[in-house]
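Asks: Okay, handing you the structure first.
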Amino acid sequence: MESFDYTSPWLKVDLHTWDKLVSPKYLTAYSMGTVIFWQSQVNEFVYIVKSGRVMMRVVSEDGREKIMMFAEKGGLFGETSAFEGSTEPYSAVAIVDCEIYKIPIPVFLNHIKSDMEINQAVMTILSHKGSLYFNQILGLTFGDIRYRVANVMLYLVKMYGISNPEGILIDIPFTHQDMADLIKSSRVSVSKVFHEFSNSGIMKKMKGRYIICDLELLKKIEKII
C-alpha cells in the first residue's frame with residue numbers, strides 16, 4: 001500500500017488495494033453534483049471511488065460550509081456508520097461524474113475481520129484522516145492564509161505535477177473560490193495570496209493551469225508551523 005502525505009486533504013489509494021473487497025455488483029454511477037449521502041445520515045454502505053472525485057463537506061446550523069477532504073480513485077469514505085453505528089459527520093458530493101463502489105456494511109466488516117491486508121489498509125486511511133483533522137486544526141490555529149495556500153499547492157504539485165520548461169505544471173483546474181472553500185477563507189483573500197505568489201515569481205498561470213516556478217520558495221512559506 002502506498003504511503004500518505006498526512007497533511008493532504010486528498011484521499012487517493014491504489015485501487016488494487018481493495019481488489020478483495022470490491023465487486024462489479026457494487027458499482028454505482030453518480031453524475032456531477034449528486035449528493036451521495038447527507039451530513040447526519042446513518043449509512044448502510046461504505047464507499048470506494050473507482051473514478052472521479054468526491055467532496056466531503058460540513059455545513060453548520062447557520063449555513064457556513066467547511067470542506068473537509070476529497071476522495072479520488074481508491075479513496076474510502078462513509079465508514080463512520082460502519083464502526084460506530086452513528087450518523088456521518090459530513091455530506092459527500094460528487095464534484096465530477098463518478099463511479100463508486102457501494103459496499104454493504106456487513107460485507108465491509110467481514111472483510112476487515114478476515115483479511116489482514118484490508119484491515120491494515122482501512123486502519124491506515126483512518127490514521128490519515130485523523131492526522132488530516134489535526135493538521136487542519138493546526139493550520140487554522142497557527143497558520144496564516146499564505147501557509148494554507150502553500151500547503152495545498154505543494155500537495156497539488158505532488159499529485160498532479162508535470163515537468164514543464166518553466167517549472168512544474170499542476171495539471172488540474174481549480175479556481176480561487178475552490179481554494180477558498182478548502183482552506184476556509186474568502187475568495188478575495190485567496191486572490192491576494194495568488195497575486196503575491198505570482199509577483200514574487202513563485203508561480204504563474206498559463207492556459208487555465210498553474211505553473212510552480214520556484215518550488216523551494218513555496219516550501220519555505222509552507223514550513224511556518
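Ligands are numbered from 1 in the order shown, chains are lettered A, B, ... in the order of the C-alpha cells, and residues start at 1 in each chain.
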Just list the residues in region 28-117 of chain A DSSP gives alpha helix (DSSP H) on the backbone, as a ChimeraX atom specification.

Replies: /A:80-84,105-114,116-117

Asks: Show which residues sit within 12 Å of Ile105 (chain A), as a list in words. Count only C-alpha atoms, and ignore same-chain residues fewer than 3 positions away.

Replies: Leu21, Tyr26, Val42, Asn43, Glu44, Phe45, Val46, Tyr47, Gly78, Glu79, Thr80, Ser81, Ala82, Phe83, Glu84, Gly85, Tyr101, Lys102, Phe108, Leu109, Asn110, His111 and Ile112 of chain A

Asks: Would you compute the distance between CA of Ser51 (chain A) and CA of Lys12 (chain A)? Give it in Å to one decimal.

Replies: 10.7 Å

Asks: From the set A:Glu196, A:Glu222, A:Asp115, A:Glu166, which residue has the shortest atom-to-atom contact distance to Asn151 (chain A), counting only C-alpha atoms?

Replies: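 Residue with the minimum atom-to-atom distance to Asn151 (chain A): A:Glu222.
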
Asks: Closest to Thr175 (chain A) among A:Lys219, A:Lys205, A:Lys50, A:Lys129, using only C-alpha atoms?

Replies: A:Lys205

Asks: Counting only C-alpha atoms, which residues of region 66-174 of chain A sit at most 10 Å from some atom of region 208-212 of chain A, and what is each one's closest atom pair with its distance in Å to one decimal, listed by chain and rising residue number, as CSV?

Replies:
```
residue,atom,partner,partner_atom,distance
A:Met153,CA,A:Ile212,CA,8.7
A:Leu154,CA,A:Ile212,CA,9.2
A:Val157,CA,A:Ile212,CA,8.0
A:Gly161,CA,A:Ile211,CA,8.8
A:Ile162,CA,A:Ile211,CA,9.1
A:Ser163,CA,A:Ile211,CA,9.4
A:Asn164,CA,A:Ile211,CA,7.9
A:Pro165,CA,A:Ile211,CA,9.8
A:Glu166,CA,A:Ile211,CA,7.3
A:Gly167,CA,A:Ile212,CA,5.5
A:Ile168,CA,A:Ile212,CA,5.1
A:Leu169,CA,A:Ile211,CA,4.3
A:Ile170,CA,A:Tyr210,CA,5.6
A:Asp171,CA,A:Arg209,CA,6.4
A:Ile172,CA,A:Arg209,CA,6.8
A:Pro173,CA,A:Arg209,CA,6.0
A:Phe174,CA,A:Arg209,CA,8.1
```

Asks: Kindly export the residues of the current selection with N, CA, C and O atoms, as a PDB file, in the first residue's frame.

Replies:
```
ATOM      1  N   MET A 153      -1.052  23.908  -2.407  1.00  0.00           N
ATOM      2  CA  MET A 153      -0.352  23.938  -3.687  1.00  0.00           C
ATOM      3  C   MET A 153       0.759  22.895  -3.749  1.00  0.00           C
ATOM      4  O   MET A 153       0.969  22.258  -4.792  1.00  0.00           O
ATOM      5  N   LEU A 154       1.463  22.676  -2.633  1.00  0.00           N
ATOM      6  CA  LEU A 154       2.512  21.665  -2.612  1.00  0.00           C
ATOM      7  C   LEU A 154       1.939  20.271  -2.785  1.00  0.00           C
ATOM      8  O   LEU A 154       2.542  19.408  -3.431  1.00  0.00           O
ATOM      9  N   VAL A 157       1.145  19.814  -6.402  1.00  0.00           N
ATOM     10  CA  VAL A 157       2.387  19.530  -7.132  1.00  0.00           C
ATOM     11  C   VAL A 157       2.717  18.049  -7.055  1.00  0.00           C
ATOM     12  O   VAL A 157       3.060  17.412  -8.055  1.00  0.00           O
ATOM     13  N   GLY A 161       1.637  17.245 -10.498  1.00  0.00           N
ATOM     14  CA  GLY A 161       2.736  17.988 -11.089  1.00  0.00           C
ATOM     15  C   GLY A 161       3.341  17.303 -12.303  1.00  0.00           C
ATOM     16  O   GLY A 161       3.584  16.094 -12.297  1.00  0.00           O
ATOM     17  N   ILE A 162       3.567  18.075 -13.344  1.00  0.00           N
ATOM     18  CA  ILE A 162       4.198  17.594 -14.572  1.00  0.00           C
ATOM     19  C   ILE A 162       5.346  18.538 -14.906  1.00  0.00           C
ATOM     20  O   ILE A 162       5.187  19.767 -14.867  1.00  0.00           O
ATOM     21  N   SER A 163       6.492  17.975 -15.230  1.00  0.00           N
ATOM     22  CA  SER A 163       7.650  18.789 -15.583  1.00  0.00           C
ATOM     23  C   SER A 163       7.336  19.690 -16.770  1.00  0.00           C
ATOM     24  O   SER A 163       6.701  19.261 -17.745  1.00  0.00           O
ATOM     25  N   ASN A 164       7.750  20.938 -16.653  1.00  0.00           N
ATOM     26  CA  ASN A 164       7.457  21.948 -17.659  1.00  0.00           C
ATOM     27  C   ASN A 164       8.711  22.798 -17.841  1.00  0.00           C
ATOM     28  O   ASN A 164       9.481  22.982 -16.888  1.00  0.00           O
ATOM     29  N   PRO A 165       8.961  23.319 -19.047  1.00  0.00           N
ATOM     30  CA  PRO A 165      10.158  24.147 -19.251  1.00  0.00           C
ATOM     31  C   PRO A 165      10.271  25.320 -18.279  1.00  0.00           C
ATOM     32  O   PRO A 165      11.372  25.784 -17.983  1.00  0.00           O
ATOM     33  N   GLU A 166       9.119  25.778 -17.759  1.00  0.00           N
ATOM     34  CA  GLU A 166       9.134  26.928 -16.854  1.00  0.00           C
ATOM     35  C   GLU A 166       8.986  26.539 -15.390  1.00  0.00           C
ATOM     36  O   GLU A 166       8.926  27.401 -14.516  1.00  0.00           O
ATOM     37  N   GLY A 167       8.902  25.240 -15.102  1.00  0.00           N
ATOM     38  CA  GLY A 167       8.757  24.788 -13.722  1.00  0.00           C
ATOM     39  C   GLY A 167       7.974  23.491 -13.642  1.00  0.00           C
ATOM     40  O   GLY A 167       8.253  22.547 -14.373  1.00  0.00           O
ATOM     41  N   ILE A 168       6.970  23.463 -12.763  1.00  0.00           N
ATOM     42  CA  ILE A 168       6.122  22.280 -12.588  1.00  0.00           C
ATOM     43  C   ILE A 168       4.678  22.676 -12.852  1.00  0.00           C
ATOM     44  O   ILE A 168       4.112  23.527 -12.157  1.00  0.00           O
ATOM     45  N   LEU A 169       4.086  22.075 -13.858  1.00  0.00           N
ATOM     46  CA  LEU A 169       2.704  22.347 -14.218  1.00  0.00           C
ATOM     47  C   LEU A 169       1.766  21.524 -13.340  1.00  0.00           C
ATOM     48  O   LEU A 169       1.925  20.300 -13.233  1.00  0.00           O
ATOM     49  N   ILE A 170       0.811  22.170 -12.679  1.00  0.00           N
ATOM     50  CA  ILE A 170      -0.231  21.465 -11.927  1.00  0.00           C
ATOM     51  C   ILE A 170      -1.365  21.172 -12.901  1.00  0.00           C
ATOM     52  O   ILE A 170      -2.133  22.067 -13.273  1.00  0.00           O
ATOM     53  N   ASP A 171      -1.456  19.936 -13.322  1.00  0.00           N
ATOM     54  CA  ASP A 171      -2.358  19.569 -14.414  1.00  0.00           C
ATOM     55  C   ASP A 171      -3.757  19.221 -13.905  1.00  0.00           C
ATOM     56  O   ASP A 171      -4.274  18.119 -14.129  1.00  0.00           O
ATOM     57  N   ILE A 172      -4.365  20.152 -13.197  1.00  0.00           N
ATOM     58  CA  ILE A 172      -5.750  20.006 -12.762  1.00  0.00           C
ATOM     59  C   ILE A 172      -6.324  21.419 -12.599  1.00  0.00           C
ATOM     60  O   ILE A 172      -5.667  22.305 -12.045  1.00  0.00           O
ATOM     61  N   PRO A 173      -7.536  21.666 -13.110  1.00  0.00           N
ATOM     62  CA  PRO A 173      -8.098  23.016 -12.992  1.00  0.00           C
ATOM     63  C   PRO A 173      -8.718  23.247 -11.622  1.00  0.00           C
ATOM     64  O   PRO A 173      -9.305  22.339 -11.033  1.00  0.00           O
ATOM     65  N   PHE A 174      -8.571  24.443 -11.102  1.00  0.00           N
ATOM     66  CA  PHE A 174      -9.257  24.840  -9.880  1.00  0.00           C
ATOM     67  C   PHE A 174      -9.318  26.356  -9.844  1.00  0.00           C
ATOM     68  O   PHE A 174      -8.518  27.046 -10.493  1.00  0.00           O
TER      69      PHE A 174
END
```

Asks: Could you name the residues that touch Arg146 (chain A) at 7 Å or less, counting only C-alpha atoms, but leaving out those on the same chain fewer than 3 positions away, as a list in words?

Replies: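 Everything that qualifies: Val149, Ala150 and Val193 of chain A.
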
Asks: For the selection just defined, write its residues with C-alpha atoms to a file, as an mmCIF file, in the first residue's frame.

Replies:
```
data_model
loop_
_atom_site.group_PDB
_atom_site.id
_atom_site.type_symbol
_atom_site.label_atom_id
_atom_site.label_comp_id
_atom_site.auth_asym_id
_atom_site.auth_seq_id
_atom_site.Cartn_x
_atom_site.Cartn_y
_atom_site.Cartn_z
ATOM 1 C CA VAL A 149 -2.489 28.131 0.288
ATOM 2 C CA ALA A 150 1.133 26.972 0.047
ATOM 3 C CA VAL A 193 -2.187 35.477 -1.999
#
```
